[in-house]
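One file, run24.pdb, carrying PDB, C-alpha atoms and all ligand atoms:
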```
ATOM      1  CA  MET A   1      15.835 -17.246  14.333
ATOM      2  CA  TRP A   2      16.539 -15.496  11.043
ATOM      3  CA  LEU A   3      16.371 -18.775   9.199
ATOM      4  CA  LYS A   4      12.927 -19.289  10.646
ATOM      5  CA  VAL A   5      11.842 -15.827   9.534
ATOM      6  CA  TYR A   6      13.047 -16.559   6.020
ATOM      7  CA  GLU A   7      11.157 -19.835   6.024
ATOM      8  CA  ILE A   8       7.965 -18.109   7.117
ATOM      9  CA  ILE A   9       8.316 -15.422   4.474
ATOM     10  CA  HIS A  10       9.035 -18.002   1.818
ATOM     11  CA  LYS A  11       6.035 -20.109   2.735
ATOM     12  CA  ARG A  12       3.782 -17.065   2.804
ATOM     13  CA  ALA A  13       5.044 -15.889  -0.560
ATOM     14  CA  ILE A  14       4.229 -19.209  -2.147
ATOM     15  CA  ALA A  15       0.896 -19.449  -0.386
ATOM     16  CA  HIS A  16      -0.055 -16.002  -1.526
ATOM     17  CA  ASN A  17       0.767 -16.401  -5.136
ATOM     18  CA  THR A  18       3.283 -13.611  -5.384
ATOM     19  CA  LYS A  19       5.496 -15.376  -7.847
ATOM     20  CA  HIS A  20       3.432 -14.747 -10.946
ATOM     21  CA  LEU A  21       4.608 -11.250 -11.712
ATOM     22  CA  ILE A  22       5.213 -11.163 -15.418
ATOM     23  CA  ARG A  23       5.877  -8.491 -17.983
ATOM     24  CA  ALA A  24       3.373  -7.292 -20.491
ATOM     25  CA  SER A  25       4.047  -8.268 -24.041
ATOM     26  CA  GLY A  26       2.762  -6.354 -27.016
ATOM     27  CA  ASN A  27       0.849  -3.812 -24.973
ATOM     28  CA  ASP A  28       2.434  -0.750 -26.526
ATOM     29  CA  ALA A  29       1.882   2.086 -24.060
ATOM     30  CA  ASP A  30       2.741   0.050 -21.006
ATOM     31  CA  MET A  31       5.331  -2.302 -22.334
ATOM     32  CA  ASP A  32       7.708  -1.359 -19.554
ATOM     33  CA  GLN A  33       5.190  -1.753 -16.779
ATOM     34  CA  PRO A  34       5.161  -4.835 -14.604
ATOM     35  CA  VAL A  35       1.814  -6.519 -14.447
ATOM     36  CA  GLY A  36       0.547  -9.233 -12.205
ATOM     37  CA  ALA A  37      -1.794 -12.125 -11.983
ATOM     38  CA  PRO A  38      -5.078 -11.304 -10.306
ATOM     39  CA  SER A  39      -4.528 -10.715  -6.632
ATOM     40  CA  ASP A  40      -5.367 -13.441  -4.148
ATOM     41  CA  LEU A  41      -7.230 -10.849  -2.103
ATOM     42  CA  THR A  42     -10.825 -11.153  -3.180
ATOM     43  CA  GLY A  43     -12.962  -9.662  -0.455
ATOM     44  CA  SER A  44     -13.664  -6.270   1.001
ATOM     45  CA  VAL A  45     -10.838  -6.198   3.536
ATOM     46  CA  ARG A  46      -8.391  -8.643   5.032
ATOM     47  CA  THR A  47      -6.456  -8.340   8.260
ATOM     48  CA  GLU A  48      -3.423 -10.494   8.887
ATOM     49  CA  ASN A  49      -1.604 -10.888  12.199
ATOM     50  CA  ARG A  50      -4.267  -8.778  13.895
ATOM     51  CA  ASN A  51      -2.795  -9.464  17.335
ATOM     52  CA  GLY A  52       0.714  -8.471  16.290
ATOM     53  CA  ARG A  53       2.574  -6.880  19.173
ATOM     54  CA  GLY A  54       4.905  -4.535  17.306
ATOM     55  CA  ALA A  55       4.308  -0.769  17.301
ATOM     56  CA  VAL A  56       3.885  -0.663  13.534
ATOM     57  CA  VAL A  57       0.482  -1.288  11.968
ATOM     58  CA  LEU A  58       0.731  -1.767   8.217
ATOM     59  CA  LEU A  59      -1.941  -0.567   5.806
ATOM     60  CA  CYS A  60      -2.245  -1.466   2.145
ATOM     61  CA  ASP A  61      -4.989   0.556   0.447
ATOM     62  CA  HIS A  62      -4.177  -0.624  -3.071
ATOM     63  CA  ALA A  63      -3.260  -4.236  -2.318
ATOM     64  CA  SER A  64      -5.634  -5.944  -4.731
ATOM     65  CA  ASN A  65      -6.800  -5.744  -8.324
ATOM     66  CA  PHE A  66      -9.878  -7.845  -7.610
ATOM     67  CA  VAL A  67     -13.090  -6.786  -9.315
ATOM     68  CA  PRO A  68     -16.257  -8.600  -8.181
ATOM     69  CA  PRO A  69     -17.559 -10.834 -10.985
ATOM     70  CA  ASP A  70     -20.800  -8.898 -11.441
ATOM     71  CA  TYR A  71     -18.724  -5.928 -12.596
ATOM     72  CA  GLY A  72     -17.079  -7.929 -15.379
ATOM     73  CA  THR A  73     -13.981  -6.045 -16.465
ATOM     74  CA  LEU A  74     -15.541  -2.610 -15.813
ATOM     75  CA  GLY A  75     -15.634  -2.267 -19.596
ATOM     76  CA  LEU A  76     -11.852  -2.412 -19.786
ATOM     77  CA  ASP A  77      -9.536  -4.686 -21.695
ATOM     78  CA  PRO A  78      -8.694  -7.452 -19.180
ATOM     79  CA  LYS A  79      -5.033  -6.463 -19.556
ATOM     80  CA  ASP A  80      -5.848  -3.108 -17.962
ATOM     81  CA  LEU A  81      -6.931  -4.839 -14.775
ATOM     82  CA  VAL A  82      -3.429  -6.081 -14.080
ATOM     83  CA  ARG A  83      -1.849  -2.676 -14.727
ATOM     84  CA  HIS A  84      -0.976  -0.231 -11.977
ATOM     85  CA  ILE A  85      -4.170   1.692 -12.672
ATOM     86  CA  ALA A  86      -6.036  -1.124 -10.897
ATOM     87  CA  TRP A  87      -3.713  -1.618  -7.897
ATOM     88  CA  ASP A  88      -0.176  -1.194  -6.533
ATOM     89  CA  PRO A  89       1.774  -4.188  -7.898
ATOM     90  CA  GLY A  90       4.229  -5.595  -5.364
ATOM     91  CA  ALA A  91       2.962  -3.563  -2.405
ATOM     92  CA  LEU A  92       1.100  -6.383  -0.683
ATOM     93  CA  PRO A  93       3.942  -8.928  -0.683
ATOM     94  CA  VAL A  94       6.285  -6.287   0.742
ATOM     95  CA  ALA A  95       3.747  -5.428   3.439
ATOM     96  CA  ARG A  96       3.220  -9.101   4.245
ATOM     97  CA  ALA A  97       6.908  -9.751   4.678
ATOM     98  CA  MET A  98       7.215  -6.655   6.871
ATOM     99  CA  SER A  99       4.272  -7.882   8.911
ATOM    100  CA  VAL A 100       6.221 -11.042   9.752
ATOM    101  CA  LEU A 101       9.488  -9.270  10.473
ATOM    102  CA  LEU A 102       7.918  -6.582  12.682
ATOM    103  CA  ASP A 103       5.111  -8.664  14.210
ATOM    104  CA  ALA A 104       2.858  -6.001  12.750
ATOM    105  CA  PRO A 105      -0.849  -6.284  12.003
ATOM    106  CA  LEU A 106      -1.606  -5.704   8.335
ATOM    107  CA  VAL A 107      -4.913  -4.354   7.025
ATOM    108  CA  ALA A 108      -5.299  -4.691   3.259
ATOM    109  CA  ALA A 109      -8.163  -3.596   1.036
ATOM    110  CA  GLY A 110      -9.383  -6.534  -1.021
ATOM    111  CA  MET A 111     -10.706  -4.783  -4.111
ATOM    112  CA  SER A 112      -9.312  -2.781  -6.975
ATOM    113  CA  ARG A 113      -9.122   0.981  -6.605
ATOM    114  CA  LEU A 114     -11.107   1.079  -9.847
ATOM    115  CA  ILE A 115     -14.111  -0.164  -7.838
ATOM    116  CA  VAL A 116     -13.527   2.502  -5.194
ATOM    117  CA  ASP A 117     -10.288   4.095  -4.029
ATOM    118  CA  CYS A 118      -9.924   3.520  -0.296
ATOM    119  CA  ASN A 119      -7.285   6.253  -0.052
ATOM    120  CA  ARG A 120      -9.638   9.049  -1.082
ATOM    121  CA  PRO A 121     -12.227  11.019   0.871
ATOM    122  CA  LEU A 122     -15.815  10.223  -0.065
ATOM    123  CA  GLN A 123     -16.245  13.560  -1.796
ATOM    124  CA  ALA A 124     -13.093  13.258  -3.944
ATOM    125  CA  PRO A 125     -13.755  13.424  -7.697
ATOM    126  CA  ASP A 126     -11.503  10.395  -8.224
ATOM    127  CA  LEU A 127     -13.046   8.266  -5.462
ATOM    128  CA  ILE A 128     -14.423   6.077  -8.265
ATOM    129  CA  PRO A 129     -12.178   7.102 -11.140
ATOM    130  CA  GLU A 130     -13.854   7.656 -14.497
ATOM    131  CA  SER A 131     -10.413   7.558 -16.023
ATOM    132  CA  SER A 132      -6.988   6.675 -14.753
ATOM    133  CA  GLU A 133      -3.890   8.074 -16.393
ATOM    134  CA  ASP A 134      -4.961   7.837 -20.070
ATOM    135  CA  THR A 135      -7.421   4.986 -19.696
ATOM    136  CA  ILE A 136     -11.155   5.609 -19.561
ATOM    137  CA  VAL A 137     -13.039   3.272 -17.215
ATOM    138  CA  PRO A 138     -16.378   2.823 -19.022
ATOM    139  CA  ALA A 139     -18.293   1.240 -16.130
ATOM    140  CA  ASN A 140     -17.373   4.133 -13.828
ATOM    141  CA  ARG A 141     -18.953   6.890 -15.920
ATOM    142  CA  GLY A 142     -22.070   8.690 -14.835
ATOM    143  CA  LEU A 143     -22.773   6.646 -11.716
ATOM    144  CA  ASP A 144     -25.848   7.510  -9.706
ATOM    145  CA  ALA A 145     -25.849   7.975  -5.933
ATOM    146  CA  ALA A 146     -27.084   4.436  -5.270
ATOM    147  CA  GLU A 147     -24.246   2.846  -7.216
ATOM    148  CA  ARG A 148     -21.688   5.131  -5.608
ATOM    149  CA  ALA A 149     -22.979   4.125  -2.187
ATOM    150  CA  ARG A 150     -22.823   0.463  -3.205
ATOM    151  CA  ARG A 151     -19.173   0.834  -4.217
ATOM    152  CA  VAL A 152     -18.317   2.526  -0.932
ATOM    153  CA  ALA A 153     -20.058  -0.239   1.023
ATOM    154  CA  LEU A 154     -18.166  -2.903  -0.918
ATOM    155  CA  SER A 155     -14.668  -1.837   0.032
ATOM    156  CA  HIS A 156     -14.089   1.699   1.326
ATOM    157  CA  ALA A 157     -16.362   1.453   4.379
ATOM    158  CA  PRO A 158     -15.220  -1.990   5.604
ATOM    159  CA  PHE A 159     -11.544  -1.132   5.084
ATOM    160  CA  HIS A 160     -11.800   1.996   7.208
ATOM    161  CA  ALA A 161     -14.056   0.371   9.786
ATOM    162  CA  GLU A 162     -11.477  -2.361  10.263
ATOM    163  CA  ILE A 163      -8.624   0.119  10.724
ATOM    164  CA  GLU A 164     -10.765   2.079  13.162
ATOM    165  CA  SER A 165     -11.553  -1.042  15.151
ATOM    166  CA  LEU A 166      -7.959  -2.226  15.227
ATOM    167  CA  VAL A 167      -6.576   1.140  16.308
ATOM    168  CA  GLN A 168      -9.205   1.443  19.044
ATOM    169  CA  CYS A 169      -8.460  -2.076  20.330
ATOM    170  CA  ARG A 170      -4.761  -1.305  20.512
ATOM    171  CA  SER A 171      -5.378   1.999  22.197
ATOM    172  CA  ALA A 172      -7.645   0.353  24.779
ATOM    173  CA  ALA A 173      -4.929  -2.220  25.434
ATOM    174  CA  GLY A 174      -2.330   0.510  25.898
ATOM    175  CA  GLN A 175      -0.375  -0.578  22.799
ATOM    176  CA  GLU A 176       1.677   1.984  20.943
ATOM    177  CA  THR A 177       0.630   2.359  17.296
ATOM    178  CA  TRP A 178       2.492   3.785  14.328
ATOM    179  CA  LEU A 179       0.458   3.681  11.119
ATOM    180  CA  VAL A 180       2.539   2.901   8.045
ATOM    181  CA  SER A 181       0.952   2.597   4.610
ATOM    182  CA  ILE A 182       2.711   0.734   1.812
ATOM    183  CA  HIS A 183       2.189   1.703  -1.845
ATOM    184  CA  SER A 184       3.961   1.326  -5.171
ATOM    185  CA  PHE A 185       4.351   3.655  -8.154
ATOM    186  CA  THR A 186       5.277   3.281 -11.811
ATOM    187  CA  PRO A 187       8.812   3.884 -13.113
ATOM    188  CA  THR A 188       7.453   6.326 -15.705
ATOM    189  CA  TYR A 189       4.386   8.529 -15.681
ATOM    190  CA  ARG A 190       3.130  10.215 -18.827
ATOM    191  CA  GLY A 191       6.508   9.550 -20.446
ATOM    192  CA  VAL A 192       8.618  11.022 -17.638
ATOM    193  CA  ALA A 193      11.018   8.702 -15.791
ATOM    194  CA  ARG A 194      10.920   8.807 -12.021
ATOM    195  CA  PRO A 195      14.382   8.674 -10.433
ATOM    196  CA  TRP A 196      13.387   7.678  -6.904
ATOM    197  CA  GLN A 197      13.442   4.023  -5.887
ATOM    198  CA  ILE A 198      11.414   4.991  -2.862
ATOM    199  CA  GLY A 199       9.408   7.966  -1.731
ATOM    200  CA  ILE A 200       8.628   8.919   1.863
ATOM    201  CA  LEU A 201       5.388  10.878   2.132
ATOM    202  CA  HIS A 202       4.476  12.931   5.164
ATOM    203  CA  ASP A 203       2.773  16.085   6.288
ATOM    204  CA  ASP A 204       4.085  18.288   9.060
ATOM    205  CA  ASP A 205       4.278  15.380  11.498
ATOM    206  CA  ARG A 206       7.764  14.184  10.603
ATOM    207  CA  ARG A 207       8.436  11.902  13.567
ATOM    208  CA  LEU A 208       8.828   8.813  11.385
ATOM    209  CA  SER A 209       9.601  10.347   8.015
ATOM    210  CA  ASP A 210      12.693  12.325   9.005
ATOM    211  CA  ALA A 211      14.400   9.332  10.575
ATOM    212  CA  LEU A 212      13.471   7.053   7.678
ATOM    213  CA  MET A 213      14.722   9.512   5.090
ATOM    214  CA  ALA A 214      17.995  10.095   6.918
ATOM    215  CA  SER A 215      18.662   6.349   7.048
ATOM    216  CA  LEU A 216      17.631   5.733   3.449
ATOM    217  CA  ASP A 217      19.672   8.691   2.192
ATOM    218  CA  ALA A 218      22.753   7.155   3.823
ATOM    219  CA  MET A 219      22.345   3.943   1.808
ATOM    220  CA  PRO A 220      24.513   3.903  -1.301
ATOM    221  CA  GLY A 221      22.769   3.907  -4.663
ATOM    222  CA  LEU A 222      19.386   5.073  -3.449
ATOM    223  CA  THR A 223      17.558   8.148  -4.618
ATOM    224  CA  VAL A 224      14.934   8.918  -1.995
ATOM    225  CA  GLY A 225      11.922  11.076  -2.755
ATOM    226  CA  ASP A 226      10.878  13.525  -0.038
ATOM    227  CA  ASN A 227       7.151  13.787  -0.695
ATOM    228  CA  GLN A 228       7.781  12.337  -4.162
ATOM    229  CA  PRO A 229       6.308  11.164  -6.489
ATOM    230  CA  TYR A 230       3.265  12.408  -4.571
ATOM    231  CA  SER A 231       2.604  14.420  -1.467
ATOM    232  CA  PRO A 232      -0.351  15.045   0.834
ATOM    233  CA  ALA A 233      -1.164  18.033  -1.422
ATOM    234  CA  ASP A 234      -2.129  15.470  -4.092
ATOM    235  CA  ARG A 235      -4.881  14.182  -1.754
ATOM    236  CA  VAL A 236      -3.111  10.859  -1.261
ATOM    237  CA  TYR A 237      -2.862  11.101   2.525
ATOM    238  CA  TYR A 238      -6.490  10.411   3.319
ATOM    239  CA  THR A 239      -6.147   7.094   5.154
ATOM    240  CA  LEU A 240      -3.390   8.397   7.396
ATOM    241  CA  GLU A 241      -5.152  11.694   8.024
ATOM    242  CA  ARG A 242      -8.306   9.856   9.018
ATOM    243  CA  HIS A 243      -6.794   7.262  11.335
ATOM    244  CA  ALA A 244      -3.421   8.587  12.490
ATOM    245  CA  ARG A 245      -3.402  12.364  12.324
ATOM    246  CA  SER A 246      -6.839  12.587  13.925
ATOM    247  CA  ARG A 247      -5.431  10.753  16.964
ATOM    248  CA  GLY A 248      -1.923  12.169  17.009
ATOM    249  CA  LEU A 249      -0.402   8.792  16.106
ATOM    250  CA  PRO A 250       2.944   8.734  14.300
ATOM    251  CA  CYS A 251       2.480   7.813  10.644
ATOM    252  CA  VAL A 252       4.191   7.697   7.297
ATOM    253  CA  MET A 253       3.319   6.684   3.751
ATOM    254  CA  ILE A 254       5.884   4.667   1.816
ATOM    255  CA  GLU A 255       5.868   4.530  -1.983
ATOM    256  CA  ILE A 256       8.190   1.998  -3.638
ATOM    257  CA  ARG A 257       8.863   2.128  -7.391
ATOM    258  CA  ASN A 258       7.249  -1.024  -8.693
ATOM    259  CA  ASP A 259      10.164  -2.262 -10.797
ATOM    260  CA  GLU A 260      12.071  -2.608  -7.499
ATOM    261  CA  ILE A 261       9.475  -5.046  -6.152
ATOM    262  CA  ALA A 262       8.456  -6.940  -9.293
ATOM    263  CA  THR A 263      10.157 -10.131  -8.109
ATOM    264  CA  GLU A 264      10.048 -12.075  -4.878
ATOM    265  CA  ALA A 265      13.716 -11.265  -4.309
ATOM    266  CA  GLY A 266      13.057  -7.542  -4.661
ATOM    267  CA  GLN A 267      10.049  -7.715  -2.375
ATOM    268  CA  THR A 268      12.015  -9.544   0.302
ATOM    269  CA  ALA A 269      14.975  -7.174   0.025
ATOM    270  CA  TRP A 270      12.804  -4.074   0.453
ATOM    271  CA  ALA A 271      10.786  -5.629   3.259
ATOM    272  CA  GLU A 272      13.965  -6.478   5.158
ATOM    273  CA  ARG A 273      15.459  -3.052   4.571
ATOM    274  CA  LEU A 274      12.347  -1.220   5.747
ATOM    275  CA  ALA A 275      11.710  -3.572   8.659
ATOM    276  CA  GLY A 276      15.285  -3.023   9.812
ATOM    277  CA  LEU A 277      14.741   0.733   9.798
ATOM    278  CA  PHE A 278      11.529   0.463  11.802
ATOM    279  CA  GLN A 279      13.211  -1.876  14.281
ATOM    280  CA  SER A 280      15.921   0.758  14.811
ATOM    281  CA  LEU A 281      13.256   3.418  15.283
ATOM    282  CA  SER A 282      11.491   1.249  17.865
ATOM    283  CA  VAL A 283      14.691   0.868  19.826
ATOM    284  CA  THR A 284      15.307   4.617  19.685
ATOM    285  CA  ALA A 285      11.745   5.351  20.801
ATOM    286  CA  GLN A 286      12.036   2.866  23.646
ATOM    287  CA  GLU A 287      15.299   4.387  24.809
ATOM    288  CA  GLY A 288      13.639   7.798  24.637
ATOM    289  CA  ILE A 289      10.863   6.599  26.917
ATOM    290  CA  GLU A 290      13.282   5.008  29.365
ATOM    291  CA  ALA A 291      15.649   7.981  29.472
TER     292      ALA A 291
HETATM  293 ZN    ZN B   1      -1.217   3.266  -3.774
END
```
What's the structure tokens form of this structure?
Ligand SMILES: [Zn+2]
Amino acid sequence: MWLKVYEIIHKRAIAHNTKHLIRASGNDADMDQPVGAPSDLTGSVRTENRNGRGAVVLLCDHASNFVPPDYGTLGLDPKDLVRHIAWDPGALPVARAMSVLLDAPLVAAGMSRLIVDCNRPLQAPDLIPESSEDTIVPANRGLDAAERARRVALSHAPFHAEIESLVQCRSAAGQETWLVSIHSFTPTYRGVARPWQIGILHDDDRRLSDALMASLDAMPGLTVGDNQPYSPADRVYYTLERHARSRGLPCVMIEIRNDEIATEAGQTAWAERLAGLFQSLSVTAQEGIEA
């Protein structure tokens, strides 16, 4: 059975073009940052394994660095569009492998967060970022209401409508749902190294986060961030607040440092590790119900 799972993951990885992660060369400020080929996600939203029967539903807000052709490069150097400012490198392949291992539906946004950030409320000042880290995004400056609405309709609205629909379908069918979002972060930010290989983000609902952190903390060699490098106070919990917290569904946001998942081997290793933890949690939850 495991051999079959490996075969499926391997085939998916090839099919989805995850092997082209390369390193920037000669791009001074970000020389240490992994960059990627343009994502194969090129629409507003994509759902994979929608009928998955596991409890976990995976979300990937920053899966893609796709910019629709009529936006050109948003006024940026094309190299900026493969940097982390445009997406979460490595997050989608990890989520896809977890989707297979957990029989979990996966909803992924198909456009760059520089078009519109799906993990921000509509009124957030960085919904359509005019700058990201130290990079100004020329095509995002001074947008009028019509263009802002167009951006939301391109990606933000369909992404959230799809999650809404999926969660409602599962609820109607009596399926348990745990919403788990997968993100990645840079090894350094504004010159400061980040020690955590993984961060578990949560608010005061700690049903999933406490168990995950306890298991990860017990693994040798890992430094686990508790609400690091971000926390809900940084306004990064929007998608989970909207779809999980509003319904009382268990949820957690997982941030993986992107140098850990810059290769297919790293992506597979993290997917297996995390899937194993969620499988253990499912067993525990099931035993709790039966007890
Ligand atoms: Zn992200």
Restricting to all atoms listed in the file, whichever of A:Leu122, A:Met98, A:Ala275, A:Val236 is closest to ligand ZN 1 (chain B) is A:Val236
Contacts with ligand ZN 1 (chain B) at most 9 Å, all atoms listed in the file counted, listed as a PyMOL selection string: chain A and resi 60-63+84+87-88+91+113+119+181-185+236+255
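For the choices A:Asp217, A:Glu241, A:Glu272, A:Glu48, the atom-to-atom distance to A:Ile198 is smallest for A:Asp217 when using all atoms listed in the file.
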Within 9 Å of A:Asn227, counting only C-alpha atoms, which residues show up once you throw out same-chain ones fewer than 5 positions away? Write them as an mmCIF file with C-alpha atoms, in the coordinates of the input, please.
```
data_model
loop_
_atom_site.group_PDB
_atom_site.id
_atom_site.type_symbol
_atom_site.label_atom_id
_atom_site.label_comp_id
_atom_site.auth_asym_id
_atom_site.auth_seq_id
_atom_site.Cartn_x
_atom_site.Cartn_y
_atom_site.Cartn_z
ATOM 1 C CA GLY A 199 9.408 7.966 -1.731
ATOM 2 C CA ILE A 200 8.628 8.919 1.863
ATOM 3 C CA LEU A 201 5.388 10.878 2.132
ATOM 4 C CA HIS A 202 4.476 12.931 5.164
ATOM 5 C CA ASP A 203 2.773 16.085 6.288
ATOM 6 C CA PRO A 232 -0.351 15.045 0.834
#
```
If we count all atoms listed in the file, what is near A:Leu106 at a cut-off of 12 Å, once residues fewer than 4 positions away on the same chain are taken out, given as a PyMOL selection string? chain A and resi 45-61+63+91-102+159+162-163+166-167+178-182
Could you dump the residues just selected with C-alpha atoms as a tab-separated table (two decimals), in the frame of the given file?
```
chain	number	residue	atom	x	y	z
A	45	VAL	CA	-10.84	-6.20	3.54
A	46	ARG	CA	-8.39	-8.64	5.03
A	47	THR	CA	-6.46	-8.34	8.26
A	48	GLU	CA	-3.42	-10.49	8.89
A	49	ASN	CA	-1.60	-10.89	12.20
A	50	ARG	CA	-4.27	-8.78	13.90
A	51	ASN	CA	-2.80	-9.46	17.34
A	52	GLY	CA	0.71	-8.47	16.29
A	53	ARG	CA	2.57	-6.88	19.17
A	54	GLY	CA	4.90	-4.54	17.31
A	55	ALA	CA	4.31	-0.77	17.30
A	56	VAL	CA	3.88	-0.66	13.53
A	57	VAL	CA	0.48	-1.29	11.97
A	58	LEU	CA	0.73	-1.77	8.22
A	59	LEU	CA	-1.94	-0.57	5.81
A	60	CYS	CA	-2.24	-1.47	2.14
A	61	ASP	CA	-4.99	0.56	0.45
A	63	ALA	CA	-3.26	-4.24	-2.32
A	91	ALA	CA	2.96	-3.56	-2.40
A	92	LEU	CA	1.10	-6.38	-0.68
A	93	PRO	CA	3.94	-8.93	-0.68
A	94	VAL	CA	6.28	-6.29	0.74
A	95	ALA	CA	3.75	-5.43	3.44
A	96	ARG	CA	3.22	-9.10	4.24
A	97	ALA	CA	6.91	-9.75	4.68
A	98	MET	CA	7.22	-6.66	6.87
A	99	SER	CA	4.27	-7.88	8.91
A	100	VAL	CA	6.22	-11.04	9.75
A	101	LEU	CA	9.49	-9.27	10.47
A	102	LEU	CA	7.92	-6.58	12.68
A	159	PHE	CA	-11.54	-1.13	5.08
A	162	GLU	CA	-11.48	-2.36	10.26
A	163	ILE	CA	-8.62	0.12	10.72
A	166	LEU	CA	-7.96	-2.23	15.23
A	167	VAL	CA	-6.58	1.14	16.31
A	178	TRP	CA	2.49	3.78	14.33
A	179	LEU	CA	0.46	3.68	11.12
A	180	VAL	CA	2.54	2.90	8.04
A	181	SER	CA	0.95	2.60	4.61
A	182	ILE	CA	2.71	0.73	1.81
```
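Between A:Asp259 and the candidates A:Arg194, A:Ala157, A:Glu164, A:Arg151, the tightest atom-to-atom separation, counting all atoms listed in the file, involves A:Arg194.
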Report, as AutoDock Vina command-line options, the axis-aligned box around all atoms of stretch 210-226 of chain A present in the file, extended by 3 Å on each side; give centre and edge lengths in Å to one decimal place.
```
--center_x 17.7 --center_y 8.7 --center_z 3.0 --size_x 19.6 --size_y 15.6 --size_z 21.2
```
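Of note, atom CA of A:Ala109 and atom CA of A:Gly90 are spaced 14.1 Å apart.
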Any idea what's packed within 7 Å of stretch 70-80 of chain A, counting only C-alpha atoms, ignoring anything in its chain fewer than 5 positions away? Could you give it as a short mmCIF file (atom, residue, chain, number, x, y, z; two decimals) with C-alpha atoms, in the frame of the given file?
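Contents of the output file part-v3.cif:
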```cif
data_model
loop_
_atom_site.label_atom_id
_atom_site.label_comp_id
_atom_site.auth_asym_id
_atom_site.auth_seq_id
_atom_site.Cartn_x
_atom_site.Cartn_y
_atom_site.Cartn_z
CA VAL A 137 -13.04 3.27 -17.22
CA PRO A 138 -16.38 2.82 -19.02
CA ALA A 139 -18.29 1.24 -16.13
#
```
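For the pair atom CA of A:Glu287 and atom CA of A:Asp103, the separation is 19.7 Å.
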Coordinates-based distance that separates atom CA of A:Met213 from atom CA of A:Tyr230 (Å, one decimal): 15.3 Å
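With only C-alpha atoms as the atoms that count, the residue of A:Ala146, A:Ala233, A:Leu240, A:Leu249 with the shortest distance to A:Cys118 is A:Leu240.
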